[in-house]
Amino acid sequence: MASSKDSMKSPSKPRTPHTVSHQVINARRTESLDAPAIMQLVSETTQQTFGLVNVVNLIEKAVLAVTLSNENEEVMGHAAFFDYPNVPDVDPAHWEEWLNSACESKAACTPLNTLFMHYFVSKPEYSHGAAGEIIRTMFNAVPEIHFCFLCVPSNAYPEAALDELFKPMERLDDVQSSPGHVVFVCHRHEHVPVLHIRHASVEDHDDLTPIFNRQSDMLKMTYGDFFLAELIEAQDNNMHCLVAEVEGTAVGFMSICNDVNVHLLNECFELVPFHGLSKPHHDDHNIVHKLKKSRITSPLPQKQEERVSSAKSQDEDQVEDKEVKVTEGEKTDEQKSVDGDTVVTEGTAEESPTMVKPKLSEACMGDSTSSLHSAHSMPESAKSGGSQHREGSGRISKDSQLAASPKPFISEGLWRRELPEYHGKPNAFSIQLFIIDERYEMRSLDFLPKAFHLFPDKDFCIMTVPHLVPEFPLLQKFMRATPRCPSILNQELYIYSRAALLPDFKVRPATKADYSATERFVDSLDCANILTDLQKFNNARRDDDGREIQAFVCECQKQIVGIAVIRREEDIEYIRSHYNIEDFIYFSHHRRDEHAHLHHFAINPAFAQHSKFFLKEILRLGHKTCMYYPVFPGFADPELIKQHSLISAMNDMVPVRARRQIVYPVDNLRGNAPSDRVLKQHEQYALCHLNRKLTLEPKVVLNARIVVVGASDTGISLLETLAFCPHLRFNNMTLISPHGIPGSVLPPNPTREDIKASSMCYSQDEHTQAALSSWVNVVFGKMTAIDRKKKNVVVDKQTLVPYDHLILCTGQQYQIPSPNEANIEKFATSQEAPHGPDRWFRGTKPKNVFVVNDSIDAQVVLDYVDKDLPEQGKVVVYGNTLDAYCCVQTLITLGVSGDRIQMVQPPATEPTTCFNNETIEDAVQKKAMAENGVQVHSGYLLAQWNDGKGGDVVQKASFTSSTKPLTVECVAFFSYFKKRVDYEAFRAINDACLVYDGKLVIDAFFHTNDVSIRGAGTLIKFQRCYHADQWTHDNFNSKEVGISLANHLLSLFDPTLEVEAEPPKDLLNLIPMYQAPKVKSAILPGGYHYLHVEKPGLNIPLETKMAQNDYGREMITGSVGDKQDYFALHINQYKMVETITCLSKKPIDNSNLVQLYGLHERYLNDLVSRFDEHLIADLYSYFTEPWALAIFHDRFADFRDEIRELLVTRPSEDLEALEEKVRSLIDEDMQLVASQRKNLQDTFTDSGLKRSVETRLLSFLSYNYYHLPMYAKPGMV
């Protein structure tokens, strides 16, 4: 059931059409789905040259596979390239020795500049053009490659098309190894030569002007027609202009200047790893070196005029002969804990600081952010790294709801941040203007050797670009600097080190002799476990338990500049069953010993451009094909966290979605349950992955600043969808939320989670498995203003967060209730109160008044009840929502006697209650609450606290109703009164002149009246022109709404999607409808477990629904209070499951039962007929029978889609699909007669559809057998 490999395409490189023999040919990356068409092209010559090859396995293992297709997507040619030769007796890890000993070569062939062709096929009539086009595509796709080798058996000879491209290499006379193969070579300079770079002259103006005009006319409009000639004439020692020349014509231009404001750049970006882009100076004050013991690494030895590549055709400009130093300041300060670090500065008691937590994937910059502040300036909670929640209590004090949160940061606008001081001269030059013809853009890096040659005293080249400019090929070779928060520079900064031009960058297995150099290298990483693992590798190559361990180092100029440690992945069955790794690989084509577990990875930032090459070499040298890296939460077992350093290569890997798991009735299955490797309880983690075919596939990097306000289910779903796009990387996603990303701060606590009802959009484990903190920056605080003109969000009235796209997903929350100030002494009613109940409370919150909107609020409540709640006195729960009932049950669970709890319910304002089921209401409110002694007062509104006398503690609460008032003396007050938009959010939206009509107003495509601002979730309502005032996103599944919004944003960023010429015009004024069900899960008074799943829609009383003619029927087993628990299924008129309601004293398998929604009853083993025949006494037991488990499988929906695809696909153009026949019969007469049904059944059988469906079913069960071993397969019975 492997999914299609759409993610394997290379969207950053457009499919440029090329004309070959009068056909338009597109070159693209090969997908596994191309395998059948490729096999059709295999000829006898192909087998003689390459042998018998498993094409799918070849595509799966190749580092680069290229397919040529025509306009009809017909495969015209294919080639697969590897980073080692296809010679059986040559070890992939040692091919360099074999090649040097077997053939004579005038140039140094290294893994960095060499690939091997392992396979080539094409249509015979297009073979010459196809081979040339594939070779050009390969050299363009991987600019570092200069040699491509072809190894063929000595009794064969390459076909004519390859013979034109590859020339035989001279064999050494004394060669002993592999005499049965002949090596051919193809050089880059013969197909895509390195560009010749020279100084620009005025005469180049005419060649360059058309290139400028094609890409932008802004410069011409700003500076006039001859700005380029004037710029070229203005060259001096501080500013140079370069051009790339092809056959006497200028095809590219670069203007460079050594006037760089490094002080401004240091204020705006984290530049400690690059020594602030300044020359070392004895007066430098760098706090990083004060916090950690400084070790100065020995400089790289002097190197005589190095070329960037060994290819003869390369440009003659050479890297400057000088000492290139890789100093301590250039090293990464990586972290052990996946919590990440936040910037800390001193604040005041009067003003709470705003906290910013950078995303973990910025680890390449290390903890340089936090290192900018001395230890004495950090509060104790910050010094401990926010470790309170790791050490077990999971407790938050009532004085600080964020005691366990990350370290605080306060805006530079309020407090001056301490920055490192650099006194040396600037050590960088900048690219001021760059342009190149699209045909040669993959060779953009050829400018840099000449540029560094012109500024021999500079070690860094920098470039700044606007946020909305996508990364072009030149930028892809630079390293992006991490912006400080806030940054006053509205640009992205990219850096390239002179050291990265050195050609002798090499990866090799570590040796004992490397230990001391590695110790110096990792000294600043604060991760001693790297050295421990390295010592184990040097001693035994294995752990104490026998697990294989491998260590590799990067070496340049004989100096260690990187290290990595991997182990064999022993939990691969667990990973396969719990994560969607088969979105990226065909699992069956990878041996068990080819899966690696990455523990440590560090590389000097000067060589960060080579990090993906480092990973590729680890796979080759380690004989691995797949690599996995787990991201554990901060509250995980400290031993697990210590085993993994926070790597600097997360951006080079892809995040893998976790899979929903079946809840198995293990006791019932006995020996037919899945293996222990699948079922075992494992510490939850997020997973990153890399395989061989991803190592040369670049991602589309997007720097647009996407700011999401509110950690609602909708906002989290949006961020998750964007973060998990495997071919895209969003560098600037930011979440603004008072308590950060849900599930990232506190360890799991069932009692804390039960204090609120769940929508089942996300669980604690799902938040952990997503690890959004790896990809999203978090600003802890509330949005207090929006500056639409400057595109800034103001957080807590002090911090500016700039945006390009602002998403408002604040939702609605329970608010501190505002008393209506009715005079209770005069027995005033609610109608006579001077104020309504919907006012925002603007006073000081009393200490013993609580609202619970998230886990942080819930933890505060748990701590208060545990520590500070008096043993005597009443507790008021104010509200009639499902959460209010959950609160009552949680208080009872925590030991609060039921007779102390007073539940005060306001008058109903909705057409339905929170249960919308009289049976449930009677069981919970009239029976369970009464049995526990909880008193319920209905129809009351809060009138006063403490008789209107104020105070910071509520001792008495007064309420009004339509008749008599109510007064309750209390020691705690829990408010679950109506959810509303937060007051600060309302003020920010309203003051920004965004249309607000009770809620934020949007159109059907999420747009507000500002094109840069979108809204979603319960915060919004639709424009009145839709005439759908009752419909909001509150009527739908919040997670599905977030995914829909993310897809709208992806249409702006994803180059693989079709770009709409203009925003769609909704001429029909229809609002979007969603399909996912609305789910509510809770633990209610009496210990009842409650689950309700329903079709998204308006709140309509159940009695009204049941009175409709097309309602369908209900199927109920059990009743409340009996030994058999209550289970109700609503089957609609189409025999589909539309509503599920469960109330049970036993825990409910919620995740299983939710999957029943939307299924036809025939999928459920003929549910209706069995129920009518009284064969089903208990629906709970019925759905725990082994036959039902496949229905709960996470890929069952995909299987249903495959079956539907069979039924809607025409067998041939002149024959109707089965679905079309059914539709035509239904259109004639809504009721099918017996003869018509018989005809359809015969067609289903005779056409082969029945056999196809059965085959797909068996394939589904077989492919997922590790989850579904309870099903018999053919041959077993």
# chains A, B, ... in the order shown; residues from 1 in each chain; ligands from 1

call {"tool": "residues_around", "arguments": {"residues": "Val121 in chain A", "least_positions_apart": "3", "cutoff": "7 Å", "atoms": "only C-alpha atoms", "output": "list in words"}}
result
Leu41, Val42, Thr46, Gly77, His78 and Ala79 of chain A

call {"tool": "write_last_selection", "arguments": {"atoms": "N, CA and C atoms", "output": "PDB file, in the first residue's frame"}}
result
ATOM      1  N   LEU A  41      11.028  -0.393 -21.755  1.00  0.00           N
ATOM      2  CA  LEU A  41      12.091   0.126 -22.618  1.00  0.00           C
ATOM      3  C   LEU A  41      13.342  -0.745 -22.590  1.00  0.00           C
ATOM      4  N   VAL A  42      13.368  -1.762 -21.742  1.00  0.00           N
ATOM      5  CA  VAL A  42      14.561  -2.597 -21.610  1.00  0.00           C
ATOM      6  C   VAL A  42      14.769  -3.419 -22.888  1.00  0.00           C
ATOM      7  N   THR A  46      20.549  -3.408 -23.183  1.00  0.00           N
ATOM      8  CA  THR A  46      20.477  -2.914 -21.809  1.00  0.00           C
ATOM      9  C   THR A  46      20.912  -3.998 -20.832  1.00  0.00           C
ATOM     10  N   GLY A  77      12.746   7.978 -21.751  1.00  0.00           N
ATOM     11  CA  GLY A  77      14.082   7.567 -21.351  1.00  0.00           C
ATOM     12  C   GLY A  77      14.240   7.650 -19.856  1.00  0.00           C
ATOM     13  N   HIS A  78      15.225   6.945 -19.324  1.00  0.00           N
ATOM     14  CA  HIS A  78      15.454   6.936 -17.878  1.00  0.00           C
ATOM     15  C   HIS A  78      16.914   6.597 -17.611  1.00  0.00           C
ATOM     16  N   ALA A  79      17.446   7.191 -16.553  1.00  0.00           N
ATOM     17  CA  ALA A  79      18.791   6.844 -16.085  1.00  0.00           C
ATOM     18  C   ALA A  79      18.823   6.958 -14.575  1.00  0.00           C
TER      19      ALA A  79
END

call {"tool": "select_by_dssp", "arguments": {"residues": "range 816-864 of chain A", "states": "alpha helix (DSSP H)", "output": "PyMOL selection string"}}
result
chain A and resi 855-863

call {"tool": "write_last_selection", "arguments": {"atoms": "N, CA and C atoms", "output": "mmCIF file, in the first residue's frame"}}
result
data_model
loop_
_atom_site.group_PDB
_atom_site.id
_atom_site.type_symbol
_atom_site.label_atom_id
_atom_site.label_comp_id
_atom_site.auth_asym_id
_atom_site.auth_seq_id
_atom_site.Cartn_x
_atom_site.Cartn_y
_atom_site.Cartn_z
ATOM 1 N N SER A 855 -4.066 23.256 28.926
ATOM 2 C CA SER A 855 -3.418 22.410 29.938
ATOM 3 C C SER A 855 -2.707 23.224 31.007
ATOM 4 N N ILE A 856 -2.194 24.387 30.655
ATOM 5 C CA ILE A 856 -1.526 25.225 31.649
ATOM 6 C C ILE A 856 -2.541 25.697 32.687
ATOM 7 N N ASP A 857 -3.694 26.188 32.214
ATOM 8 C CA ASP A 857 -4.753 26.582 33.148
ATOM 9 C C ASP A 857 -5.176 25.395 34.006
ATOM 10 N N ALA A 858 -5.267 24.225 33.384
ATOM 11 C CA ALA A 858 -5.691 23.038 34.118
ATOM 12 C C ALA A 858 -4.685 22.671 35.203
ATOM 13 N N GLN A 859 -3.389 22.814 34.906
ATOM 14 C CA GLN A 859 -2.377 22.491 35.901
ATOM 15 C C GLN A 859 -2.447 23.461 37.072
ATOM 16 N N VAL A 860 -2.746 24.717 36.797
ATOM 17 C CA VAL A 860 -2.905 25.686 37.875
ATOM 18 C C VAL A 860 -4.040 25.260 38.798
ATOM 19 N N VAL A 861 -5.136 24.790 38.214
ATOM 20 C CA VAL A 861 -6.273 24.335 39.007
ATOM 21 C C VAL A 861 -5.893 23.125 39.852
ATOM 22 N N LEU A 862 -5.205 22.157 39.249
ATOM 23 C CA LEU A 862 -4.810 20.968 39.993
ATOM 24 C C LEU A 862 -3.923 21.324 41.175
ATOM 25 N N ASP A 863 -2.989 22.237 40.961
ATOM 26 C CA ASP A 863 -2.110 22.641 42.048
ATOM 27 C C ASP A 863 -2.877 23.367 43.150
#

call {"tool": "atom_distance", "arguments": {"atom1": "CA of Gln40 in chain A", "atom2": "CA of Arg1256 in chain A"}}
result
24.2 Å

call {"tool": "residues_around", "arguments": {"residues": "Glu471 in chain A", "least_positions_apart": "4", "cutoff": "9 Å", "atoms": "only C-alpha atoms", "output": "ChimeraX atom specification"}}
result
/A:12,475-476,700-703

call {"tool": "atom_distance", "arguments": {"atom1": "CA of Ala1188 in chain A", "atom2": "CA of Ile1043 in chain A"}}
result
28.8 Å

call {"tool": "select_by_dssp", "arguments": {"residues": "range 557-691 of chain A", "states": "strand (DSSP E or B)", "output": "VMD selection string"}}
result
chain A and resid 559 to 568 579 595 to 603 626 to 631 654 to 656 658 686 to 691

call {"tool": "write_last_selection", "arguments": {"atoms": "C-alpha atoms", "output": "PDB file, in the first residue's frame"}}
result
ATOM      1  CA  GLN A 559      41.275  19.289  10.402  1.00  0.00           C
ATOM      2  CA  ILE A 560      38.089  17.811  11.869  1.00  0.00           C
ATOM      3  CA  VAL A 561      35.146  20.031  10.921  1.00  0.00           C
ATOM      4  CA  GLY A 562      32.257  17.650  11.604  1.00  0.00           C
ATOM      5  CA  ILE A 563      31.267  14.479  13.407  1.00  0.00           C
ATOM      6  CA  ALA A 564      28.317  12.087  13.332  1.00  0.00           C
ATOM      7  CA  VAL A 565      27.414   8.969  15.281  1.00  0.00           C
ATOM      8  CA  ILE A 566      24.851   6.412  14.125  1.00  0.00           C
ATOM      9  CA  ARG A 567      23.637   3.050  15.370  1.00  0.00           C
ATOM     10  CA  ARG A 568      21.715   0.284  13.684  1.00  0.00           C
ATOM     11  CA  TYR A 579       5.053   6.417  11.460  1.00  0.00           C
ATOM     12  CA  HIS A 595      18.241   1.302   8.562  1.00  0.00           C
ATOM     13  CA  ALA A 596      20.322   3.663  10.721  1.00  0.00           C
ATOM     14  CA  HIS A 597      19.510   5.657  13.837  1.00  0.00           C
ATOM     15  CA  LEU A 598      21.210   9.057  13.978  1.00  0.00           C
ATOM     16  CA  HIS A 599      22.363  10.054  17.463  1.00  0.00           C
ATOM     17  CA  HIS A 600      24.768  12.921  16.923  1.00  0.00           C
ATOM     18  CA  PHE A 601      25.563  15.219  14.036  1.00  0.00           C
ATOM     19  CA  ALA A 602      27.609  18.408  14.146  1.00  0.00           C
ATOM     20  CA  ILE A 603      29.346  20.377  11.440  1.00  0.00           C
ATOM     21  CA  CYS A 626      17.637   5.003   5.457  1.00  0.00           C
ATOM     22  CA  MET A 627      18.288   7.172   8.471  1.00  0.00           C
ATOM     23  CA  TYR A 628      16.024   8.182  11.360  1.00  0.00           C
ATOM     24  CA  TYR A 629      16.369  10.850  14.007  1.00  0.00           C
ATOM     25  CA  PRO A 630      13.920  11.110  16.936  1.00  0.00           C
ATOM     26  CA  VAL A 631      12.960  14.388  18.598  1.00  0.00           C
ATOM     27  CA  VAL A 654      11.936  15.357   6.306  1.00  0.00           C
ATOM     28  CA  PRO A 655       9.458  15.180   9.184  1.00  0.00           C
ATOM     29  CA  VAL A 656       7.373  12.006   9.209  1.00  0.00           C
ATOM     30  CA  ALA A 658       2.758   9.610  13.060  1.00  0.00           C
ATOM     31  CA  ALA A 686       8.665  12.993  16.618  1.00  0.00           C
ATOM     32  CA  LEU A 687      10.558  11.423  13.743  1.00  0.00           C
ATOM     33  CA  CYS A 688      12.793  12.882  11.038  1.00  0.00           C
ATOM     34  CA  HIS A 689      13.910  10.768   8.100  1.00  0.00           C
ATOM     35  CA  LEU A 690      16.381  10.710   5.248  1.00  0.00           C
ATOM     36  CA  ASN A 691      16.978   8.117   2.547  1.00  0.00           C
TER      37      ASN A 691
END

call {"tool": "residues_around", "arguments": {"residues": "Thr67 in chain A", "least_positions_apart": "5", "cutoff": "8 Å", "atoms": "only C-alpha atoms", "output": "PyMOL selection string"}}
result
chain A and resi 27-30+75-79+134
